[in-house]
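See below for data-v5.csv, which holds CSV, C-alpha atoms (C1' of nucleotides).
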```csv
chain,number,residue,atom,x,y,z
O,1,MET,CA,245.4,104.2,173.8
O,2,PHE,CA,243.6,106.1,171.1
O,3,SER,CA,245.1,108.6,168.6
O,4,LYS,CA,244.4,112.3,169.3
O,5,THR,CA,242.2,112.4,166.2
O,6,CYS,CA,240.1,109.7,167.7
O,7,GLU,CA,239.9,111.4,171.1
O,8,TYR,CA,238.7,114.6,169.4
O,9,ALA,CA,236.2,112.5,167.4
O,10,PHE,CA,234.8,111.0,170.6
O,11,ARG,CA,234.6,114.3,172.3
O,12,ALA,CA,233.0,116.1,169.3
O,13,THR,CA,230.4,113.4,168.8
O,14,VAL,CA,229.3,113.4,172.4
O,15,VAL,CA,229.1,117.2,172.5
O,16,VAL,CA,227.1,117.4,169.4
O,17,ALA,CA,224.7,114.6,170.4
O,18,THR,CA,224.2,116.3,173.8
O,19,ALA,CA,223.4,119.6,172.2
O,20,SER,CA,221.1,118.0,169.7
O,21,LYS,CA,219.1,116.4,172.5
O,22,ASN,CA,218.5,120.0,173.8
O,23,GLY,CA,217.5,121.1,170.3
O,24,GLU,CA,220.7,123.0,169.6
O,25,ARG,CA,222.7,122.8,166.5
O,26,LEU,CA,226.4,123.4,167.1
O,27,THR,CA,228.8,125.2,164.8
O,28,LEU,CA,232.5,124.3,164.3
O,29,ALA,CA,233.5,127.1,166.7
O,30,ASP,CA,231.0,125.9,169.3
O,31,ILE,CA,232.3,122.3,169.1
O,32,ALA,CA,236.0,123.3,169.2
O,33,GLU,CA,235.4,125.4,172.3
O,34,ARG,CA,233.4,122.8,174.1
O,35,THR,CA,235.8,120.0,173.4
O,36,ALA,CA,238.9,122.2,174.0
O,37,ALA,CA,240.3,121.1,170.7
O,38,PRO,CA,242.1,123.2,167.9
O,39,THR,CA,239.4,124.6,165.6
O,40,ALA,CA,241.0,124.0,162.2
O,41,PHE,CA,241.8,120.4,163.1
O,42,THR,CA,238.4,119.8,164.5
O,43,ALA,CA,237.0,120.9,161.2
O,44,LYS,CA,238.8,117.9,159.6
O,45,VAL,CA,237.6,115.5,162.2
O,46,LEU,CA,234.0,116.7,161.8
O,47,GLN,CA,234.3,116.3,158.0
O,48,ASP,CA,235.4,112.7,158.5
O,49,LEU,CA,232.4,112.1,160.9
O,50,VAL,CA,230.0,113.6,158.4
O,51,ARG,CA,231.4,111.6,155.5
O,52,ALA,CA,231.0,108.4,157.6
O,53,GLY,CA,227.4,109.3,158.4
O,54,VAL,CA,228.0,109.7,162.1
O,55,LEU,CA,227.0,113.4,162.1
O,56,THR,CA,224.9,115.4,159.8
O,57,SER,CA,225.9,119.0,158.8
O,58,ARG,CA,224.2,122.0,157.3
O,59,ARG,CA,225.8,125.1,155.8
O,60,GLY,CA,224.8,128.7,156.0
O,61,PRO,CA,223.3,130.8,158.8
O,62,ASN,CA,221.9,128.6,161.6
O,63,GLY,CA,223.9,125.8,160.1
O,64,GLY,CA,226.2,123.5,162.0
O,65,PHE,CA,226.4,119.9,163.1
O,66,ASP,CA,223.9,117.6,164.8
O,67,LEU,CA,223.2,114.1,165.9
O,68,PRO,CA,219.6,113.7,166.9
O,69,PRO,CA,218.7,111.3,169.8
O,70,LEU,CA,217.2,108.7,167.5
O,71,ALA,CA,220.4,108.6,165.4
O,72,ALA,CA,222.6,108.6,168.5
O,73,ARG,CA,221.0,105.3,169.5
O,74,LYS,CA,222.7,103.8,166.4
O,75,VAL,CA,226.2,105.3,166.7
O,76,ASN,CA,228.7,103.3,168.8
O,77,LEU,CA,232.4,103.9,169.5
O,78,ARG,CA,233.5,101.5,166.8
O,79,MET,CA,231.8,103.7,164.1
O,80,ILE,CA,233.5,106.8,165.4
O,81,MET,CA,236.9,105.1,165.3
O,82,ALA,CA,236.3,103.8,161.9
O,83,ALA,CA,235.3,107.3,160.7
O,84,VAL,CA,238.8,108.6,161.5
O,85,GLY,CA,240.5,105.5,160.3
O,86,ASP,CA,241.3,103.9,163.7
O,87,GLY,CA,239.0,100.9,163.4
O,88,ASP,CA,241.1,97.9,164.2
O,89,LEU,CA,242.6,98.5,167.6
O,90,ASP,CA,241.4,95.2,168.9
O,91,THR,CA,242.1,93.0,165.9
O,92,THR,CA,245.8,93.7,165.2
O,93,CYS,CA,248.6,91.6,166.8
O,94,VAL,CA,250.1,93.3,169.9
O,95,MET,CA,253.6,92.2,168.7
O,96,GLY,CA,253.1,93.6,165.2
O,97,LEU,CA,253.0,90.2,163.4
O,98,ARG,CA,250.8,89.7,160.4
O,99,GLU,CA,250.8,85.9,161.0
O,100,CYS,CA,249.1,85.9,164.4
O,101,ARG,CA,246.0,84.0,165.1
O,102,ALA,CA,244.7,81.3,167.5
O,103,SER,CA,246.2,78.6,165.3
O,104,GLU,CA,249.6,80.3,165.0
O,105,PRO,CA,249.8,82.6,168.0
O,106,CYS,CA,252.5,85.1,168.8
O,107,PRO,CA,253.9,84.8,172.3
O,108,LEU,CA,251.5,87.4,173.7
O,109,HIS,CA,248.4,86.2,171.8
O,110,TYR,CA,246.7,84.4,174.5
O,111,GLU,CA,247.7,86.9,177.2
O,112,PHE,CA,245.7,89.5,175.4
O,113,VAL,CA,242.6,87.6,174.5
O,114,LYS,CA,240.6,88.9,177.4
O,115,VAL,CA,241.8,92.5,176.9
O,116,LYS,CA,240.8,92.5,173.3
O,117,ASP,CA,237.5,90.7,173.9
O,118,GLU,CA,236.6,93.2,176.6
O,119,LEU,CA,237.7,96.1,174.4
O,120,ALA,CA,235.7,94.8,171.5
O,121,ARG,CA,232.7,94.5,173.7
O,122,VAL,CA,233.0,98.1,174.9
O,123,LEU,CA,233.6,99.5,171.4
O,124,ASP,CA,230.6,97.7,170.0
O,125,SER,CA,228.2,98.1,172.9
O,126,THR,CA,228.8,101.7,173.9
O,127,TYR,CA,226.3,103.9,172.1
O,128,VAL,CA,226.5,107.7,172.0
O,129,HIS,CA,222.9,108.2,173.3
O,130,GLY,CA,223.9,106.4,176.5
O,131,LEU,CA,226.7,108.9,177.1
O,132,VAL,CA,224.5,112.0,176.6
O,133,ASP,CA,222.3,111.8,179.8
O,134,ALA,CA,225.3,111.5,182.1
O,135,LEU,CA,226.9,114.6,180.5
O,136,ASN,CA,223.6,116.5,180.6
O,137,ASN,CA,223.0,115.9,184.3
O,138,GLY,CA,226.5,116.5,185.3
O,139,THR,CA,227.5,113.0,186.3
O,140,THR,CA,230.3,113.1,183.7
O,141,HIS,CA,232.2,116.0,182.3
O,142,LEU,CA,234.4,117.1,179.3
O,143,LYS,CA,236.4,120.0,180.8
O,144,ARG,CA,240.0,120.0,179.6
J,1,MET,CA,247.6,99.2,170.2
J,2,PHE,CA,251.3,99.6,170.9
J,3,SER,CA,253.8,101.8,169.1
J,4,LYS,CA,256.1,100.1,166.6
J,5,THR,CA,259.0,100.8,169.0
J,6,CYS,CA,257.2,99.0,171.7
J,7,GLU,CA,256.4,96.0,169.4
J,8,TYR,CA,260.1,95.8,168.5
J,9,ALA,CA,261.0,95.9,172.2
J,10,PHE,CA,258.6,93.1,173.0
J,11,ARG,CA,260.0,90.9,170.2
J,12,ALA,CA,263.6,91.7,170.9
J,13,THR,CA,263.3,91.0,174.6
J,14,VAL,CA,261.6,87.6,174.0
J,15,VAL,CA,264.1,86.6,171.4
J,16,VAL,CA,267.1,87.5,173.6
J,17,ALA,CA,265.6,85.7,176.6
J,18,THR,CA,264.9,82.6,174.5
J,19,ALA,CA,268.5,82.5,173.3
J,20,SER,CA,269.9,83.2,176.7
J,21,LYS,CA,268.1,80.2,178.1
J,22,ASN,CA,269.9,78.1,175.4
J,23,GLY,CA,273.2,79.7,176.5
J,24,GLU,CA,273.5,81.9,173.4
J,25,ARG,CA,274.4,85.5,173.4
J,26,LEU,CA,272.8,87.4,170.5
J,27,THR,CA,274.3,90.3,168.5
J,28,LEU,CA,272.4,93.2,167.2
J,29,ALA,CA,272.4,91.6,163.7
J,30,ASP,CA,271.0,88.3,165.2
J,31,ILE,CA,268.2,90.1,166.9
J,32,ALA,CA,267.2,92.3,164.0
J,33,GLU,CA,267.0,89.2,161.8
J,34,ARG,CA,265.1,87.1,164.3
J,35,THR,CA,262.6,89.8,165.0
J,36,ALA,CA,262.3,90.9,161.3
J,37,ALA,CA,263.0,94.5,162.4
J,38,PRO,CA,265.3,97.1,160.9
J,39,THR,CA,268.8,96.8,162.2
J,40,ALA,CA,269.7,100.4,163.0
J,41,PHE,CA,266.4,101.1,164.6
J,42,THR,CA,266.6,97.9,166.7
J,43,ALA,CA,270.0,99.2,167.9
J,44,LYS,CA,268.2,102.2,169.5
J,45,VAL,CA,265.5,100.0,171.0
J,46,LEU,CA,268.1,97.7,172.5
J,47,GLN,CA,270.0,100.6,173.9
J,48,ASP,CA,266.8,101.7,175.7
J,49,LEU,CA,266.3,98.3,177.1
J,50,VAL,CA,269.9,98.1,178.3
J,51,ARG,CA,269.7,101.5,179.9
J,52,ALA,CA,266.4,100.5,181.7
J,53,GLY,CA,268.1,97.4,183.0
J,54,VAL,CA,265.9,95.0,181.1
J,55,LEU,CA,268.8,93.5,179.1
J,56,THR,CA,272.5,93.4,179.6
J,57,SER,CA,275.0,94.0,176.9
J,58,ARG,CA,278.7,93.3,176.3
J,59,ARG,CA,280.9,94.8,173.6
J,60,GLY,CA,283.6,93.2,171.5
J,61,PRO,CA,284.0,89.8,170.0
J,62,ASN,CA,281.5,87.3,171.4
J,63,GLY,CA,279.7,90.3,172.7
J,64,GLY,CA,276.0,90.9,172.3
J,65,PHE,CA,272.8,91.0,174.5
J,66,ASP,CA,271.4,88.7,177.0
J,67,LEU,CA,268.7,88.1,179.5
J,68,PRO,CA,269.4,85.1,181.7
J,69,PRO,CA,266.5,83.0,182.9
J,70,LEU,CA,266.8,84.2,186.5
J,71,ALA,CA,266.5,87.9,185.3
J,72,ALA,CA,263.7,87.0,182.9
J,73,ARG,CA,261.6,86.0,185.9
J,74,LYS,CA,261.7,89.6,187.0
J,75,VAL,CA,261.0,91.4,183.7
J,76,ASN,CA,257.3,92.0,182.8
J,77,LEU,CA,255.7,93.8,179.9
J,78,ARG,CA,255.2,97.0,181.9
J,79,MET,CA,259.0,97.3,182.3
J,80,ILE,CA,259.6,96.8,178.6
J,81,MET,CA,257.0,99.5,177.8
J,82,ALA,CA,258.5,101.9,180.3
J,83,ALA,CA,261.9,101.3,178.8
J,84,VAL,CA,260.8,102.7,175.5
J,85,GLY,CA,258.7,105.5,177.0
J,86,ASP,CA,255.3,103.9,176.5
J,87,GLY,CA,254.5,103.2,180.1
J,88,ASP,CA,251.0,104.7,180.8
J,89,LEU,CA,248.7,103.0,178.3
J,90,ASP,CA,246.3,102.0,180.9
J,91,THR,CA,246.3,105.1,183.1
J,92,THR,CA,245.6,107.9,180.7
J,93,CYS,CA,242.1,109.1,179.8
J,94,VAL,CA,240.6,107.5,176.7
J,95,MET,CA,239.1,110.8,175.7
J,96,GLY,CA,242.3,112.7,176.3
J,97,LEU,CA,241.3,114.7,179.3
J,98,ARG,CA,243.7,115.5,182.1
J,99,GLU,CA,240.9,115.9,184.6
J,100,CYS,CA,239.5,112.4,184.5
J,101,ARG,CA,239.2,110.2,187.5
J,102,ALA,CA,236.5,108.2,189.4
J,103,SER,CA,235.4,111.4,191.2
J,104,GLU,CA,235.3,113.5,188.0
J,105,PRO,CA,234.9,111.0,185.2
J,106,CYS,CA,234.8,111.6,181.5
J,107,PRO,CA,231.8,110.1,179.6
J,108,LEU,CA,233.8,107.0,178.8
J,109,HIS,CA,235.5,106.6,182.1
J,110,TYR,CA,233.4,103.8,183.6
J,111,GLU,CA,232.9,102.0,180.3
J,112,PHE,CA,236.7,101.4,180.1
J,113,VAL,CA,237.3,100.5,183.7
J,114,LYS,CA,237.3,96.7,183.0
J,115,VAL,CA,239.4,97.1,179.9
J,116,LYS,CA,242.0,99.1,181.7
J,117,ASP,CA,242.0,96.8,184.8
J,118,GLU,CA,242.4,93.7,182.6
J,119,LEU,CA,245.1,95.5,180.6
J,120,ALA,CA,247.0,96.5,183.7
J,121,ARG,CA,246.7,92.9,185.0
J,122,VAL,CA,248.3,91.5,181.8
J,123,LEU,CA,251.0,94.1,181.7
J,124,ASP,CA,252.0,93.6,185.3
J,125,SER,CA,251.6,89.8,185.5
J,126,THR,CA,253.1,88.7,182.2
J,127,TYR,CA,256.8,88.0,182.7
J,128,VAL,CA,259.3,87.2,180.0
J,129,HIS,CA,260.4,83.9,181.3
J,130,GLY,CA,256.8,82.6,180.9
J,131,LEU,CA,256.9,83.5,177.2
J,132,VAL,CA,260.2,81.7,176.5
J,133,ASP,CA,259.1,78.1,177.0
J,134,ALA,CA,256.2,78.4,174.6
J,135,LEU,CA,258.5,79.9,171.9
J,136,ASN,CA,261.1,77.2,172.5
J,137,ASN,CA,258.7,74.3,172.2
J,138,GLY,CA,257.0,75.8,169.2
J,139,THR,CA,253.6,76.6,170.8
J,140,THR,CA,254.1,80.2,169.8
J,141,HIS,CA,256.1,81.9,167.0
J,142,LEU,CA,257.6,85.2,165.9
J,143,LYS,CA,257.7,84.9,162.2
J,144,ARG,CA,256.8,88.1,160.5
M,1,DA,C1',300.3,96.0,171.0
M,2,DT,C1',297.3,95.2,167.3
M,3,DA,C1',293.5,94.0,164.7
M,4,DA,C1',288.8,92.4,164.7
M,5,DT,C1',284.4,92.6,166.7
M,6,DT,C1',280.5,94.7,168.7
M,7,DC,C1',277.8,98.1,171.3
M,8,DA,C1',277.1,103.4,172.2
M,9,DG,C1',275.4,107.5,170.7
M,10,DG,C1',275.2,111.7,167.8
M,11,DA,C1',273.6,113.5,163.4
M,12,DT,C1',270.5,113.2,159.8
M,13,DA,C1',266.6,111.6,156.7
M,14,DT,C1',261.9,110.0,155.9
M,15,DG,C1',257.1,109.4,156.9
M,16,DT,C1',253.0,110.1,159.6
M,17,DT,C1',250.2,112.6,162.7
M,18,DT,C1',248.7,116.7,164.1
M,19,DG,C1',247.8,121.4,163.2
M,20,DT,C1',247.0,125.9,160.3
M,21,DC,C1',245.4,128.8,156.5
M,22,DC,C1',242.6,130.2,152.9
M,23,DG,C1',239.4,130.4,149.0
M,24,DG,C1',235.2,128.4,147.4
M,25,DA,C1',230.4,126.4,147.7
M,26,DA,C1',226.1,126.1,149.9
M,27,DT,C1',222.5,128.0,152.6
M,28,DT,C1',219.8,131.5,154.9
M,29,DG,C1',217.5,135.8,156.0
M,30,DT,C1',216.5,140.3,154.2
V,1,DA,C1',219.5,139.6,144.3
V,2,DC,C1',222.5,140.3,148.1
V,3,DA,C1',225.2,139.9,152.1
V,4,DA,C1',226.2,137.2,155.9
V,5,DT,C1',227.1,132.8,157.7
V,6,DT,C1',228.9,128.3,157.8
V,7,DC,C1',230.7,124.0,156.1
V,8,DC,C1',234.0,121.9,152.4
V,9,DG,C1',238.4,120.7,150.8
V,10,DG,C1',242.9,121.6,149.1
V,11,DA,C1',247.6,123.3,150.2
V,12,DC,C1',250.8,124.1,153.5
V,13,DA,C1',253.5,123.8,158.2
V,14,DA,C1',255.1,121.9,162.5
V,15,DA,C1',255.9,118.1,165.6
V,16,DC,C1',256.7,113.5,166.4
V,17,DA,C1',257.7,108.6,165.3
V,18,DT,C1',260.3,105.8,162.6
V,19,DA,C1',264.5,104.7,160.2
V,20,DT,C1',269.5,105.3,158.6
V,21,DC,C1',274.4,106.4,158.8
V,22,DC,C1',278.7,107.1,160.7
V,23,DT,C1',282.3,107.7,164.2
V,24,DG,C1',284.0,106.3,168.5
V,25,DA,C1',284.6,103.4,172.7
V,26,DA,C1',285.0,99.0,174.8
V,27,DT,C1',286.3,94.2,174.6
V,28,DT,C1',288.5,90.1,172.9
V,29,DA,C1',291.8,87.0,170.8
V,30,DT,C1',296.0,86.7,168.8
```

As structure tokens, the full file:
Amino acid sequence: MFSKTCEYAFRATVVVATASKNGERLTLADIAERTAAPTAFTAKVLQDLVRAGVLTSRRGPNGGFDLPPLAARKVNLRMIMAAVGDGDLDTTCVMGLRECRASEPCPLHYEFVKVKDELARVLDSTYVHGLVDALNNGTTHLKR
Amino acid sequence: MFSKTCEYAFRATVVVATASKNGERLTLADIAERTAAPTAFTAKVLQDLVRAGVLTSRRGPNGGFDLPPLAARKVNLRMIMAAVGDGDLDTTCVMGLRECRASEPCPLHYEFVKVKDELARVLDSTYVHGLVDALNNGTTHLKR
DNA sequence: ATAATTCAGGATATGTTTGTCCGGAATTGT
DNA sequence: ACAATTCCGGACAAACATATCCTGAATTAT
């Protein structure tokens, strides 16, 4: 459903936000380990997230990445996707046609309206801060 | 949302079924033109569809591909996706975790339940024959 | 039988995504 | 100032998706 890059971005963002809430700042190595993702590639993903303003980074000793609780209230899934260039999942035609809209629909246009609407709702309304508590108290997990 | 291969497969299947309903049998060249897809690649996609039993083919003069109305009542989107190896869109974890289920959910598991359920419903309940009429009477289109 | 047509399928090419490697720049603590 | 740490960003490599080409096999009409 999402590209691997996007999956890594989701995992990394949640992991960083969770640590930040506990006052920890995570290094690239920390993040790669906790998300079970390749380190060098994770570096690229984190770079994208920082450039897009999703995470903040600091270099040097005690450096690393963070996403403080207040900022985590303003980051939703859509922004994470956009940061890695995956932003228009729910807006492109499922049959790959450019000329597809309500007035000139492809054969599958109306079939997918509800799917896309629900997807858009989730991407726009799911904020990182809401995911952090569940991870912290063990309701959800990220292993593997 | 879907791979290009899958988009081509959707378009090709609908085009063939629509022609079959009018008693026409379409050649590879016909299909590639009507779906605005590359010919040689379309050949591969059609091969997959035939192997999976979605379409039937015949070689030689007056050969080509078809999907008669009766058969089109039994082909849904899920089968087309499976034919090109894209079958598990709605069953894999959105964060890329193998260990993700209701009892051990990833942080996004419950957020996507409705999306996935609705997607599964559409993939399973959308049959090709239902798409043909709309294309025939101009309610929907496939241009570009 | 023969020639024309059309699909089948292997080999190959191109492009994109995913993944690695390394030197440099910034920051920190001493 | 210096050394250690850590992110930044470019270059490169591998894997996969997409796309092309060509030969052969099946079918049909003559």

Find the residues in chain V near chain J: any atom within 9 Å counts, using only C-alpha atoms (C1' of nucleotides). Write them as a PyMOL selection string. chain V and resi 17-21+26-29

Please, which residues of chain J lie no more than 8 Å from chain O when the count uses only C-alpha atoms, and can they be set out as a PyMOL selection string? chain J and resi 1-2+4+7-8+10-11+89-90+92+94-99+104-108+111-112+114-115+118-119+122+126+131+134-135+139-144

For the reference chain O, what are the coordinates of chain J after least-squares fitting (all Cα, in-order pairing), as an mmCIF file with C-alpha atoms, in the coordinates of the input?
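See part-v6.cif below for the written result:
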```cif
data_model
loop_
_atom_site.group_PDB
_atom_site.id
_atom_site.type_symbol
_atom_site.label_atom_id
_atom_site.label_comp_id
_atom_site.auth_asym_id
_atom_site.auth_seq_id
_atom_site.Cartn_x
_atom_site.Cartn_y
_atom_site.Cartn_z
ATOM 1 C CA MET J 1 245.460 104.358 173.862
ATOM 2 C CA PHE J 2 243.670 106.231 171.100
ATOM 3 C CA SER J 3 245.119 108.708 168.630
ATOM 4 C CA LYS J 4 244.503 112.391 169.326
ATOM 5 C CA THR J 5 242.230 112.452 166.245
ATOM 6 C CA CYS J 6 240.191 109.712 167.695
ATOM 7 C CA GLU J 7 239.959 111.470 171.128
ATOM 8 C CA TYR J 8 238.745 114.617 169.349
ATOM 9 C CA ALA J 9 236.166 112.548 167.458
ATOM 10 C CA PHE J 10 234.885 110.982 170.643
ATOM 11 C CA ARG J 11 234.517 114.389 172.346
ATOM 12 C CA ALA J 12 233.036 116.110 169.357
ATOM 13 C CA THR J 13 230.457 113.414 168.765
ATOM 14 C CA VAL J 14 229.322 113.444 172.442
ATOM 15 C CA VAL J 15 229.142 117.181 172.549
ATOM 16 C CA VAL J 16 227.079 117.409 169.333
ATOM 17 C CA ALA J 17 224.726 114.653 170.498
ATOM 18 C CA THR J 18 224.261 116.357 173.873
ATOM 19 C CA ALA J 19 223.341 119.630 172.187
ATOM 20 C CA SER J 20 221.120 117.979 169.666
ATOM 21 C CA LYS J 21 219.079 116.426 172.426
ATOM 22 C CA ASN J 22 218.540 120.006 173.781
ATOM 23 C CA GLY J 23 217.477 121.069 170.260
ATOM 24 C CA GLU J 24 220.683 123.013 169.566
ATOM 25 C CA ARG J 25 222.666 122.837 166.435
ATOM 26 C CA LEU J 26 226.389 123.438 167.034
ATOM 27 C CA THR J 27 228.861 125.242 164.734
ATOM 28 C CA LEU J 28 232.405 124.285 164.244
ATOM 29 C CA ALA J 29 233.475 127.132 166.601
ATOM 30 C CA ASP J 30 230.998 125.838 169.301
ATOM 31 C CA ILE J 31 232.386 122.374 169.110
ATOM 32 C CA ALA J 32 236.043 123.310 169.132
ATOM 33 C CA GLU J 33 235.420 125.417 172.240
ATOM 34 C CA ARG J 34 233.348 122.817 174.035
ATOM 35 C CA THR J 35 235.807 120.073 173.361
ATOM 36 C CA ALA J 36 238.915 122.284 174.027
ATOM 37 C CA ALA J 37 240.318 121.188 170.637
ATOM 38 C CA PRO J 38 241.936 123.231 167.897
ATOM 39 C CA THR J 39 239.407 124.693 165.552
ATOM 40 C CA ALA J 40 240.904 123.945 162.145
ATOM 41 C CA PHE J 41 241.847 120.456 163.081
ATOM 42 C CA THR J 42 238.367 119.775 164.537
ATOM 43 C CA ALA J 43 237.001 120.898 161.137
ATOM 44 C CA LYS J 44 238.803 117.911 159.514
ATOM 45 C CA VAL J 45 237.625 115.516 162.208
ATOM 46 C CA LEU J 46 234.049 116.667 161.776
ATOM 47 C CA GLN J 47 234.279 116.305 158.061
ATOM 48 C CA ASP J 48 235.320 112.653 158.581
ATOM 49 C CA LEU J 49 232.442 112.051 160.844
ATOM 50 C CA VAL J 50 229.996 113.630 158.402
ATOM 51 C CA ARG J 51 231.358 111.621 155.526
ATOM 52 C CA ALA J 52 231.055 108.354 157.616
ATOM 53 C CA GLY J 53 227.468 109.222 158.370
ATOM 54 C CA VAL J 54 228.005 109.634 162.079
ATOM 55 C CA LEU J 55 226.953 113.315 162.097
ATOM 56 C CA THR J 56 224.955 115.440 159.763
ATOM 57 C CA SER J 57 225.893 118.904 158.754
ATOM 58 C CA ARG J 58 224.167 121.944 157.232
ATOM 59 C CA ARG J 59 225.831 125.016 155.757
ATOM 60 C CA GLY J 60 224.862 128.657 156.002
ATOM 61 C CA PRO J 61 223.351 130.727 158.722
ATOM 62 C CA ASN J 62 221.947 128.601 161.546
ATOM 63 C CA GLY J 63 223.932 125.829 160.027
ATOM 64 C CA GLY J 64 226.200 123.526 161.966
ATOM 65 C CA PHE J 65 226.337 119.803 163.067
ATOM 66 C CA ASP J 66 223.913 117.579 164.703
ATOM 67 C CA LEU J 67 223.185 114.124 165.902
ATOM 68 C CA PRO J 68 219.557 113.661 166.877
ATOM 69 C CA PRO J 69 218.716 111.326 169.723
ATOM 70 C CA LEU J 70 217.188 108.693 167.438
ATOM 71 C CA ALA J 71 220.495 108.556 165.373
ATOM 72 C CA ALA J 72 222.591 108.604 168.537
ATOM 73 C CA ARG J 73 221.031 105.277 169.489
ATOM 74 C CA LYS J 74 222.698 103.783 166.461
ATOM 75 C CA VAL J 75 226.201 105.290 166.727
ATOM 76 C CA ASN J 76 228.773 103.345 168.839
ATOM 77 C CA LEU J 77 232.430 103.968 169.511
ATOM 78 C CA ARG J 78 233.549 101.516 166.822
ATOM 79 C CA MET J 79 231.832 103.693 164.175
ATOM 80 C CA ILE J 80 233.487 106.845 165.449
ATOM 81 C CA MET J 81 236.902 105.108 165.352
ATOM 82 C CA ALA J 82 236.308 103.801 161.860
ATOM 83 C CA ALA J 83 235.327 107.264 160.756
ATOM 84 C CA VAL J 84 238.743 108.592 161.552
ATOM 85 C CA GLY J 85 240.605 105.520 160.289
ATOM 86 C CA ASP J 86 241.348 103.961 163.663
ATOM 87 C CA GLY J 87 239.049 101.005 163.408
ATOM 88 C CA ASP J 88 241.155 97.854 164.200
ATOM 89 C CA LEU J 89 242.563 98.478 167.672
ATOM 90 C CA ASP J 90 241.378 95.238 168.943
ATOM 91 C CA THR J 91 242.090 92.998 165.956
ATOM 92 C CA THR J 92 245.707 93.647 165.193
ATOM 93 C CA CYS J 93 248.588 91.705 166.753
ATOM 94 C CA VAL J 94 250.075 93.269 169.877
ATOM 95 C CA MET J 95 253.524 92.277 168.755
ATOM 96 C CA GLY J 96 253.007 93.567 165.251
ATOM 97 C CA LEU J 97 252.945 90.326 163.382
ATOM 98 C CA ARG J 98 250.715 89.747 160.392
ATOM 99 C CA GLU J 99 250.692 86.011 160.933
ATOM 100 C CA CYS J 100 249.056 85.904 164.328
ATOM 101 C CA ARG J 101 245.910 84.032 165.056
ATOM 102 C CA ALA J 102 244.621 81.308 167.469
ATOM 103 C CA SER J 103 246.126 78.601 165.211
ATOM 104 C CA GLU J 104 249.503 80.372 164.865
ATOM 105 C CA PRO J 105 249.729 82.646 167.869
ATOM 106 C CA CYS J 106 252.419 85.097 168.774
ATOM 107 C CA PRO J 107 253.903 84.784 172.318
ATOM 108 C CA LEU J 108 251.460 87.353 173.616
ATOM 109 C CA HIS J 109 248.442 86.209 171.740
ATOM 110 C CA TYR J 110 246.603 84.342 174.503
ATOM 111 C CA GLU J 111 247.640 86.757 177.237
ATOM 112 C CA PHE J 112 245.692 89.556 175.444
ATOM 113 C CA VAL J 113 242.645 87.573 174.487
ATOM 114 C CA LYS J 114 240.559 88.891 177.461
ATOM 115 C CA VAL J 115 241.784 92.419 176.975
ATOM 116 C CA LYS J 116 240.867 92.430 173.347
ATOM 117 C CA ASP J 117 237.463 90.708 173.932
ATOM 118 C CA GLU J 118 236.575 93.214 176.678
ATOM 119 C CA LEU J 119 237.792 96.053 174.444
ATOM 120 C CA ALA J 120 235.733 94.884 171.509
ATOM 121 C CA ARG J 121 232.695 94.529 173.830
ATOM 122 C CA VAL J 122 233.011 98.183 174.975
ATOM 123 C CA LEU J 123 233.602 99.490 171.511
ATOM 124 C CA ASP J 124 230.643 97.688 170.025
ATOM 125 C CA SER J 125 228.186 98.096 172.930
ATOM 126 C CA THR J 126 228.805 101.691 173.953
ATOM 127 C CA TYR J 127 226.410 103.944 172.051
ATOM 128 C CA VAL J 128 226.423 107.710 172.049
ATOM 129 C CA HIS J 129 222.967 108.221 173.309
ATOM 130 C CA GLY J 130 223.935 106.393 176.554
ATOM 131 C CA LEU J 131 226.735 108.912 177.123
ATOM 132 C CA VAL J 132 224.519 111.994 176.667
ATOM 133 C CA ASP J 133 222.320 111.680 179.747
ATOM 134 C CA ALA J 134 225.253 111.403 182.109
ATOM 135 C CA LEU J 135 226.874 114.541 180.573
ATOM 136 C CA ASN J 136 223.580 116.422 180.739
ATOM 137 C CA ASN J 137 222.902 115.664 184.375
ATOM 138 C CA GLY J 138 226.465 116.357 185.357
ATOM 139 C CA THR J 139 227.518 112.779 186.282
ATOM 140 C CA THR J 140 230.285 113.053 183.737
ATOM 141 C CA HIS J 141 232.230 116.020 182.273
ATOM 142 C CA LEU J 142 234.420 117.094 179.375
ATOM 143 C CA LYS J 143 236.427 119.872 180.806
ATOM 144 C CA ARG J 144 239.971 119.801 179.635
#
```

Would you please work out which residue, of O:Ser57, O:Asn22, O:Asn136, O:Asn76, is nearest to chain M when using all atoms listed in the file?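 Of all the options, O:Ser57 lies closest to chain M.
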
Contacts of DA11 in chain V within 12 Å, only C-alpha atoms (C1' of nucleotides), excl. fewer than 4 positions in-chain, as a PDB file with C-alpha atoms (C1' of nucleotides), in the coordinates of the input:
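Now in result_24.pdb:
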```
ATOM      1  C1'  DT M  20     247.000 125.900 160.300  1.00  0.00           C
ATOM      2  C1'  DC M  21     245.400 128.800 156.500  1.00  0.00           C
ATOM      3  C1'  DC M  22     242.600 130.200 152.900  1.00  0.00           C
ATOM      4  C1'  DG M  23     239.400 130.400 149.000  1.00  0.00           C
TER       5       DG M  23
END
```

How far is it from C1' of DT6 in chain M to CA of Leu46 in chain J, in Å with one decimal? 13.3 Å

Nearby residues, (222.7, 113.9, 161.2) file frame, 6 Å, only C-alpha atoms (C1' of nucleotides), as a PyMOL selection string: chain O and resi 55-56+66-67

Enumerate as an MDAnalysis selection string the residues belonging to chain M that approach chain O to within 10 Å, with all atoms listed in the file taken into account. chainID M and resid 17:21 25:29

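We find CA of Thr18 in chain J and CA of Ala71 in chain J to be spaced 12.1 Å apart.
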
Which residue is closest to Val113 in chain O? Choose from O:Arg101, O:Lys44, O:Arg25, O:Arg73 and count only C-alpha atoms.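 The closest residue to Val113 in chain O is O:Arg101.
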